[in-house]
Structures are given as C-alpha cells and as structure tokens.
Amino acid sequence: MLVLARKRNQNIVIDGRIRVRVVRLDRQVVKIAVEAPRSIPVFRLEIYEDIQKNNHSAATRGARKAPRLTRKQFNPTDTQGRQ
Amino acid sequence: MDGGSKTSARPEKNKGVINLPAGLLGFEQARNYILLGSQEEAPFMWLQMADEPGLSFLVVEPCRVVENYNPDLADEDVEFLGLSNPEDALLLNIVTLHEDGSVTANLKGPIVVNRYTLVGKQVIPRNVSDYGLQHPIAAATTAPMA
C-alpha cells in the first residue's frame with residue numbers, strides 16, 4: 001500500500017494509464033477526478049460494500065414463500081387471470 | 001463422459017446449472033447455482049447454490065416488476081459473458097423480503113447470465129447511481145416472517 005500526500009490539482013498515475021487528481025479540498029471533503037480507460041471500472045467503495053451487505057441479508061436458508069405481486073405490476077400479456 | 005467435473009468447460013454437461021465464475025459479491029466461492037421456479041411463485045424464482053443447498057436467493061427478472069431499467073454494462077462484462085447482443089442476456093435481480101413485509105429488488109447489482117452458455121456475473125452497471133439498492137416492488141409477502 002502506498003500513501004501519498006497531494007495538494008490540490010496534483011496527480012497520481014497508476015499503471016501508467018489511470019490518473020487520479022485532487023480537484024478540490026475542503027476540511028471535510030476531497031473531490032477526486034479519476035481518468036481511466038473505459039475498461040477499468042471505478043466506483044466508490046460503498047457500492048461494493050452495499051451490494052455485499054444486500055446479498056448477505058437477502059440470502060435465505062430453508063424454505064420461504066415467494067411474495068405475490070399486486071395486480072398493477074403484472075405483465076399485461078399474462079394470461080393467468082390471477083386476482 | 002467422465003465422472004462429472006463441476007468445473008467442466010463444456011456447457012452441455014452443466015445444462016441447467018448457472019455458473020458464476022466470480023460468485024456473488026460476498027459469496028465469491030459459491031460458483032454454481034440452480035434456478036428454480038414454479039408457476040405459483042412466478043415471476044419470482046429461486047437461485048439456489050448447487051454446492052451448499054439451502055442457501056438461496058429470491059430473484060426476479062426486472063422487466064416483470066420495474067419499468068425503464070436499463071443497466072449499462074461495462075465492456076469487459078459484456079466480453080466476459082460473451083454477449084453478442086442484449087437479447088442474449090438474462091437479467092436477474094436479487095429480491096429482499098423485509099421484516100415489515102415490504103419487498104425490494106437490488107437494481108445496483110444485477111446478475112447477468114448468458115442464456116446460451118449459462119455463464120453469469122453479478123455486475124455493477126456504469127449507470128449504477130441511477131438505480132436503487134432497495135427498489136420497492138409492489139408485492140406482499142403471503143406468510144408471516146419465519
């Protein structure tokens with residue numbers, strides 16, 4: 001792990017092709033610009049953590065019943081005729 | 001046919017089993033799943049771990065419960081899944097049944113499966129910030145929480 005100190009508008013380059021720049025610096029918040037090839041996904045860490053947590057809470061052991069859709073959400077071409 | 005290798009690269013051998021080479025976020029080691037459904041539970045289905053029965057996820061195809069859901073897949077995800085066009089992809093979103101009886105779907109991390117190879121991946125679309133982690137679905141649970 002590398003820890004670097006940067007001032008506003010200074011850059012870090014990763015693997016020669018990902019550029020990270022400090023755009024704005026307040027007391028509480030730093031605004032960071034990331035320039036990377038399209039093939040490299042860049043997300044806030046929370047996205048990964050949130051999905052992980054969501055997966056964990058959604059996982060079930062044992063039998064549970066699926067919910068029923070309320071009528072409005074049914075696919076109009078559904079021929080089931082369910083209430 | 002040999003004894004049945006779970007990691008066989010021949011799709012015919014694993015027909016019906018959805019293979020997620022990267023598992024799910026938080027469950028990276030669970031790679032093989034069976035998609036189970038019944039007319040009674042439609043459009044909801046169960047994605048059950050083939051290697052650890054009993055651990056399942058309620059899933060739904062988003063087109064049945066959400067309008068205007070257009071996750072923009074990263075190029076490398078499209079490539080990884082071998083998708084030639086959008087119709088090749090089966091989308092499954094994980095559904096959460098909450099304590100208060102509400103039902104939500106995770107639109108931030110859809111599971112995208114190639115319909116033909118049955119290889120899938122839980123992806124984070126490029127437009128992830130347009131969608132909710134717990135998007136409400138108009139549905140009601142029919143039984144008290146276990």
# chains A, B, ... in the order shown; residues from 1 in each chain; ligands from 1
>>> closest_atom_pairs(of="chain A", to="chain B", cutoff="8 Å", atoms="only C-alpha atoms", output="Markdown table")
| residue | atom | partner | partner_atom | distance |
| --- | --- | --- | --- | --- |
| A:Arg38 | CA | B:Asp75 | CA | 7.7 |
| A:Ser39 | CA | B:Glu76 | CA | 6.0 |
| A:Pro41 | CA | B:Ala74 | CA | 7.4 |
| A:Tyr48 | CA | B:Leu25 | CA | 7.4 |
| A:Asp50 | CA | B:Leu133 | CA | 7.7 |
| A:Ile51 | CA | B:Gly109 | CA | 6.5 |
| A:Gln52 | CA | B:Gly26 | CA | 4.9 |
| A:Lys53 | CA | B:Gly26 | CA | 7.5 |
| A:Asn54 | CA | B:Asn106 | CA | 7.6 |
| A:Asn55 | CA | B:Gly26 | CA | 7.0 |
| A:His56 | CA | B:Gly26 | CA | 7.0 |
| A:Ser57 | CA | B:Thr96 | CA | 7.4 |
| A:Ala58 | CA | B:Thr96 | CA | 5.0 |
| A:Ala59 | CA | B:Phe57 | CA | 5.1 |
| A:Thr60 | CA | B:Ser56 | CA | 5.3 |
| A:Arg61 | CA | B:Leu55 | CA | 4.6 |
| A:Gly62 | CA | B:Gly54 | CA | 5.1 |
| A:Ala63 | CA | B:Gly54 | CA | 7.8 |
| A:Arg64 | CA | B:Ala146 | CA | 7.6 |
| A:Lys65 | CA | B:Ala143 | CA | 7.0 |
| A:Ala66 | CA | B:Glu41 | CA | 5.8 |
| A:Pro67 | CA | B:Thr141 | CA | 4.3 |
| A:Arg68 | CA | B:Ala139 | CA | 5.4 |
| A:Leu69 | CA | B:Ala139 | CA | 4.2 |
| A:Thr70 | CA | B:Ala139 | CA | 5.2 |
| A:Lys72 | CA | B:Ala138 | CA | 7.9 |
| A:Gln73 | CA | B:Val65 | CA | 5.9 |
| A:Phe74 | CA | B:Arg64 | CA | 7.0 |
| A:Asn75 | CA | B:Arg64 | CA | 6.1 |
>>> write_last_selection(atoms="N, CA and C atoms", output="compact mmCIF listing (two decimals), in the first residue's frame")
# COMPACT_ATOMS: atom_id res chain seq x y z
N ARG A 38 -11.86 3.06 -20.40
CA ARG A 38 -13.24 2.61 -20.22
C ARG A 38 -13.32 1.19 -19.66
N SER A 39 -12.29 0.42 -19.93
CA SER A 39 -12.30 -0.97 -19.50
C SER A 39 -12.10 -1.12 -18.00
N PRO A 41 -13.35 -0.37 -14.39
CA PRO A 41 -14.49 0.18 -13.63
C PRO A 41 -13.98 0.95 -12.42
N TYR A 48 -19.64 -1.50 -3.62
CA TYR A 48 -19.31 -2.91 -3.42
C TYR A 48 -19.81 -3.40 -2.07
N ASP A 50 -22.17 -2.12 -0.16
CA ASP A 50 -23.63 -2.14 -0.08
C ASP A 50 -24.20 -3.38 -0.76
N ILE A 51 -23.68 -3.71 -1.92
CA ILE A 51 -24.19 -4.89 -2.63
C ILE A 51 -23.86 -6.15 -1.86
N GLN A 52 -22.69 -6.21 -1.30
CA GLN A 52 -22.30 -7.36 -0.48
C GLN A 52 -23.25 -7.53 0.69
N LYS A 53 -23.49 -6.43 1.38
CA LYS A 53 -24.39 -6.49 2.53
C LYS A 53 -25.79 -6.89 2.11
N ASN A 54 -26.23 -6.34 1.00
CA ASN A 54 -27.56 -6.65 0.49
C ASN A 54 -27.66 -8.13 0.13
N ASN A 55 -26.60 -8.67 -0.50
CA ASN A 55 -26.58 -10.09 -0.84
C ASN A 55 -26.70 -10.92 0.43
N HIS A 56 -25.93 -10.55 1.45
CA HIS A 56 -25.95 -11.31 2.70
C HIS A 56 -27.31 -11.30 3.35
N SER A 57 -27.95 -10.14 3.37
CA SER A 57 -29.24 -10.11 4.05
C SER A 57 -30.34 -10.75 3.21
N ALA A 58 -30.11 -10.87 1.91
CA ALA A 58 -31.13 -11.49 1.06
C ALA A 58 -31.02 -13.01 1.02
N ALA A 59 -29.85 -13.54 1.38
CA ALA A 59 -29.65 -14.99 1.31
C ALA A 59 -30.51 -15.68 2.35
N THR A 60 -31.17 -16.74 1.95
CA THR A 60 -32.02 -17.46 2.90
C THR A 60 -31.63 -18.93 2.99
N ARG A 61 -31.80 -19.46 4.16
CA ARG A 61 -31.63 -20.90 4.37
C ARG A 61 -33.02 -21.47 4.57
N GLY A 62 -33.28 -22.61 4.00
CA GLY A 62 -34.57 -23.22 4.25
C GLY A 62 -35.68 -22.60 3.42
N ALA A 63 -36.84 -23.11 3.58
CA ALA A 63 -37.95 -22.74 2.73
C ALA A 63 -38.58 -21.41 3.12
N ARG A 64 -38.78 -20.60 2.13
CA ARG A 64 -39.54 -19.36 2.34
C ARG A 64 -40.49 -19.24 1.18
N LYS A 65 -41.58 -18.51 1.39
CA LYS A 65 -42.52 -18.36 0.30
C LYS A 65 -42.21 -17.09 -0.47
N ALA A 66 -42.32 -17.20 -1.79
CA ALA A 66 -42.14 -16.02 -2.62
C ALA A 66 -43.34 -15.10 -2.39
N PRO A 67 -43.15 -13.80 -2.54
CA PRO A 67 -44.29 -12.89 -2.37
C PRO A 67 -45.21 -12.95 -3.58
N ARG A 68 -46.36 -12.30 -3.46
CA ARG A 68 -47.28 -12.20 -4.59
C ARG A 68 -47.24 -10.77 -5.10
N LEU A 69 -47.23 -10.63 -6.39
CA LEU A 69 -47.30 -9.29 -6.96
C LEU A 69 -48.71 -8.76 -6.79
N THR A 70 -48.80 -7.48 -6.59
CA THR A 70 -50.14 -6.88 -6.60
C THR A 70 -50.51 -6.68 -8.06
N LYS A 72 -51.39 -4.47 -10.23
CA LYS A 72 -50.85 -3.44 -11.14
C LYS A 72 -49.55 -3.84 -11.81
N GLN A 73 -48.75 -4.65 -11.11
CA GLN A 73 -47.41 -4.93 -11.62
C GLN A 73 -47.38 -6.10 -12.57
N PHE A 74 -48.53 -6.77 -12.76
CA PHE A 74 -48.50 -7.93 -13.62
C PHE A 74 -48.25 -7.55 -15.07
N ASN A 75 -47.49 -8.36 -15.75
CA ASN A 75 -47.25 -8.20 -17.17
C ASN A 75 -48.61 -8.28 -17.87
>>> atom_distance(atom1="atom CA of Asp15 of chain A", atom2="atom CA of Glu35 of chain A")
12.1 Å
>>> residues_around(residues="Ile32 of chain A", least_positions_apart="5", cutoff="10 Å", atoms="only C-alpha atoms", output="MDAnalysis selection string")
chainID A and resid 8:9 11 20:25
>>> write_last_selection(atoms="all heavy atoms", output="PDB file, in the first residue's frame")
ATOM      1  N   ARG A   8      -3.929  20.264  -3.821  1.00  0.00           N
ATOM      2  CA  ARG A   8      -4.964  20.453  -4.831  1.00  0.00           C
ATOM      3  C   ARG A   8      -4.329  20.534  -6.218  1.00  0.00           C
ATOM      4  O   ARG A   8      -3.279  21.148  -6.394  1.00  0.00           O
ATOM      5  CB  ARG A   8      -5.732  21.736  -4.539  1.00  0.00           C
ATOM      6  CG  ARG A   8      -7.073  21.805  -5.230  1.00  0.00           C
ATOM      7  CD  ARG A   8      -7.941  22.900  -4.613  1.00  0.00           C
ATOM      8  NE  ARG A   8      -7.302  24.203  -4.685  1.00  0.00           N
ATOM      9  CZ  ARG A   8      -7.406  25.023  -5.735  1.00  0.00           C
ATOM     10  NH1 ARG A   8      -8.107  24.666  -6.786  1.00  0.00           N
ATOM     11  NH2 ARG A   8      -6.783  26.184  -5.718  1.00  0.00           N
ATOM     12  N   ASN A   9      -4.979  19.839  -7.186  1.00  0.00           N
ATOM     13  CA  ASN A   9      -4.534  19.815  -8.578  1.00  0.00           C
ATOM     14  C   ASN A   9      -3.310  18.962  -8.847  1.00  0.00           C
ATOM     15  O   ASN A   9      -2.840  18.885  -9.979  1.00  0.00           O
ATOM     16  CB  ASN A   9      -4.304  21.224  -9.132  1.00  0.00           C
ATOM     17  CG  ASN A   9      -5.616  21.939  -9.392  1.00  0.00           C
ATOM     18  OD1 ASN A   9      -6.599  21.298  -9.765  1.00  0.00           O
ATOM     19  ND2 ASN A   9      -5.643  23.227  -9.169  1.00  0.00           N
ATOM     20  N   ASN A  11      -1.446  15.221  -9.105  1.00  0.00           N
ATOM     21  CA  ASN A  11      -1.910  13.955  -9.682  1.00  0.00           C
ATOM     22  C   ASN A  11      -1.144  12.745  -9.169  1.00  0.00           C
ATOM     23  O   ASN A  11      -0.020  12.856  -8.693  1.00  0.00           O
ATOM     24  CB  ASN A  11      -1.720  13.988 -11.209  1.00  0.00           C
ATOM     25  CG  ASN A  11      -2.584  15.001 -11.893  1.00  0.00           C
ATOM     26  OD1 ASN A  11      -3.693  14.709 -12.302  1.00  0.00           O
ATOM     27  ND2 ASN A  11      -2.078  16.221 -11.992  1.00  0.00           N
ATOM     28  N   VAL A  20      -5.250   9.996 -11.188  1.00  0.00           N
ATOM     29  CA  VAL A  20      -6.085  10.443 -10.077  1.00  0.00           C
ATOM     30  C   VAL A  20      -5.655  11.857  -9.712  1.00  0.00           C
ATOM     31  O   VAL A  20      -4.464  12.101  -9.496  1.00  0.00           O
ATOM     32  CB  VAL A  20      -5.895   9.512  -8.853  1.00  0.00           C
ATOM     33  CG1 VAL A  20      -6.723  10.011  -7.673  1.00  0.00           C
ATOM     34  CG2 VAL A  20      -6.269   8.081  -9.201  1.00  0.00           C
ATOM     35  N   ARG A  21      -6.625  12.771  -9.661  1.00  0.00           N
ATOM     36  CA  ARG A  21      -6.260  14.160  -9.357  1.00  0.00           C
ATOM     37  C   ARG A  21      -7.140  14.708  -8.247  1.00  0.00           C
ATOM     38  O   ARG A  21      -8.348  14.467  -8.206  1.00  0.00           O
ATOM     39  CB  ARG A  21      -6.432  15.025 -10.618  1.00  0.00           C
ATOM     40  CG  ARG A  21      -5.992  16.483 -10.408  1.00  0.00           C
ATOM     41  CD  ARG A  21      -5.960  17.290 -11.694  1.00  0.00           C
ATOM     42  NE  ARG A  21      -7.250  17.873 -12.025  1.00  0.00           N
ATOM     43  CZ  ARG A  21      -8.058  17.405 -12.955  1.00  0.00           C
ATOM     44  NH1 ARG A  21      -7.721  16.361 -13.674  1.00  0.00           N
ATOM     45  NH2 ARG A  21      -9.208  17.986 -13.191  1.00  0.00           N
ATOM     46  N   VAL A  22      -6.537  15.454  -7.369  1.00  0.00           N
ATOM     47  CA  VAL A  22      -7.299  16.143  -6.325  1.00  0.00           C
ATOM     48  C   VAL A  22      -7.849  17.418  -6.948  1.00  0.00           C
ATOM     49  O   VAL A  22      -7.099  18.306  -7.342  1.00  0.00           O
ATOM     50  CB  VAL A  22      -6.394  16.497  -5.119  1.00  0.00           C
ATOM     51  CG1 VAL A  22      -7.178  17.278  -4.081  1.00  0.00           C
ATOM     52  CG2 VAL A  22      -5.805  15.239  -4.513  1.00  0.00           C
ATOM     53  N   VAL A  23      -9.145  17.508  -7.065  1.00  0.00           N
ATOM     54  CA  VAL A  23      -9.774  18.650  -7.720  1.00  0.00           C
ATOM     55  C   VAL A  23     -10.083  19.753  -6.720  1.00  0.00           C
ATOM     56  O   VAL A  23      -9.885  20.916  -6.982  1.00  0.00           O
ATOM     57  CB  VAL A  23     -11.090  18.202  -8.415  1.00  0.00           C
ATOM     58  CG1 VAL A  23     -11.866  19.390  -8.944  1.00  0.00           C
ATOM     59  CG2 VAL A  23     -10.778  17.226  -9.528  1.00  0.00           C
ATOM     60  N   ARG A  24     -10.633  19.299  -5.569  1.00  0.00           N
ATOM     61  CA  ARG A  24     -10.993  20.291  -4.548  1.00  0.00           C
ATOM     62  C   ARG A  24     -10.709  19.717  -3.189  1.00  0.00           C
ATOM     63  O   ARG A  24     -10.827  18.503  -2.975  1.00  0.00           O
ATOM     64  CB  ARG A  24     -12.456  20.667  -4.677  1.00  0.00           C
ATOM     65  CG  ARG A  24     -12.773  21.960  -3.937  1.00  0.00           C
ATOM     66  CD  ARG A  24     -14.080  22.544  -4.385  1.00  0.00           C
ATOM     67  NE  ARG A  24     -15.176  21.965  -3.636  1.00  0.00           N
ATOM     68  CZ  ARG A  24     -16.457  22.129  -3.975  1.00  0.00           C
ATOM     69  NH1 ARG A  24     -16.769  22.798  -5.044  1.00  0.00           N
ATOM     70  NH2 ARG A  24     -17.411  21.597  -3.239  1.00  0.00           N
ATOM     71  N   LEU A  25     -10.390  20.581  -2.296  1.00  0.00           N
ATOM     72  CA  LEU A  25     -10.002  20.130  -0.964  1.00  0.00           C
ATOM     73  C   LEU A  25     -10.642  21.040   0.062  1.00  0.00           C
ATOM     74  O   LEU A  25     -10.328  22.212   0.137  1.00  0.00           O
ATOM     75  CB  LEU A  25      -8.474  20.218  -0.896  1.00  0.00           C
ATOM     76  CG  LEU A  25      -7.715  19.641   0.279  1.00  0.00           C
ATOM     77  CD1 LEU A  25      -8.088  18.189   0.464  1.00  0.00           C
ATOM     78  CD2 LEU A  25      -6.226  19.757  -0.018  1.00  0.00           C
TER      79      LEU A  25
END
>>> select_by_dssp(residues="segment 21-69 of chain A", states="strand (DSSP E or B)", output="list in words")
Arg21, Val22, Val23, Arg24, Leu25, Val30, Lys31, Ile32, Ala33, Val34, Glu35, Thr60, Arg61, Arg68 and Leu69 of chain A
>>> residues_around(residues="Ala30 of chain B", least_positions_apart="4", cutoff="9 Å", atoms="only C-alpha atoms", output="PyMOL selection string")
chain B and resi 20-24+49-52
>>> write_last_selection(atoms="C-alpha atoms", output="PDB file, in the first residue's frame")
ATOM      1  CA  LEU B  20     -20.902 -17.617 -11.813  1.00  0.00           C
ATOM      2  CA  PRO B  21     -17.097 -17.777 -12.083  1.00  0.00           C
ATOM      3  CA  ALA B  22     -16.772 -14.833  -9.707  1.00  0.00           C
ATOM      4  CA  GLY B  23     -19.568 -15.971  -7.405  1.00  0.00           C
ATOM      5  CA  LEU B  24     -21.696 -13.206  -5.916  1.00  0.00           C
ATOM      6  CA  MET B  49     -26.465 -22.630  -4.508  1.00  0.00           C
ATOM      7  CA  ALA B  50     -25.728 -26.026  -6.026  1.00  0.00           C
ATOM      8  CA  ASP B  51     -22.814 -26.591  -3.718  1.00  0.00           C
ATOM      9  CA  GLU B  52     -24.498 -25.608  -0.499  1.00  0.00           C
TER      10      GLU B  52
END
>>> residues_around(residues="Asn19 of chain B", least_positions_apart="5", cutoff="9 Å", atoms="only C-alpha atoms", output="MDAnalysis selection string")
chainID B and resid 7 14 31:34 113 117:121
>>> select_by_dssp(residues="chain A", states="helix (DSSP H, G or I)", output="PyMOL selection string")
chain A and resi 45-58+71-73
>>> write_last_selection(atoms="C-alpha atoms", output="short mmCIF file (atom, residue, chain, number, x, y, z; two decimals), in the first residue's frame")
data_model
loop_
_atom_site.label_atom_id
_atom_site.label_comp_id
_atom_site.auth_asym_id
_atom_site.auth_seq_id
_atom_site.Cartn_x
_atom_site.Cartn_y
_atom_site.Cartn_z
CA LEU A 45 -16.13 1.54 -2.22
CA GLU A 46 -19.60 1.79 -0.70
CA ILE A 47 -21.16 0.37 -3.86
CA TYR A 48 -19.31 -2.91 -3.42
CA GLU A 49 -19.95 -2.99 0.30
CA ASP A 50 -23.63 -2.14 -0.08
CA ILE A 51 -24.19 -4.89 -2.63
CA GLN A 52 -22.30 -7.36 -0.48
CA LYS A 53 -24.39 -6.49 2.53
CA ASN A 54 -27.56 -6.65 0.49
CA ASN A 55 -26.58 -10.09 -0.84
CA HIS A 56 -25.95 -11.31 2.70
CA SER A 57 -29.24 -10.11 4.05
CA ALA A 58 -31.13 -11.49 1.06
CA ARG A 71 -52.27 -6.66 -9.68
CA LYS A 72 -50.85 -3.44 -11.14
CA GLN A 73 -47.41 -4.93 -11.62
#
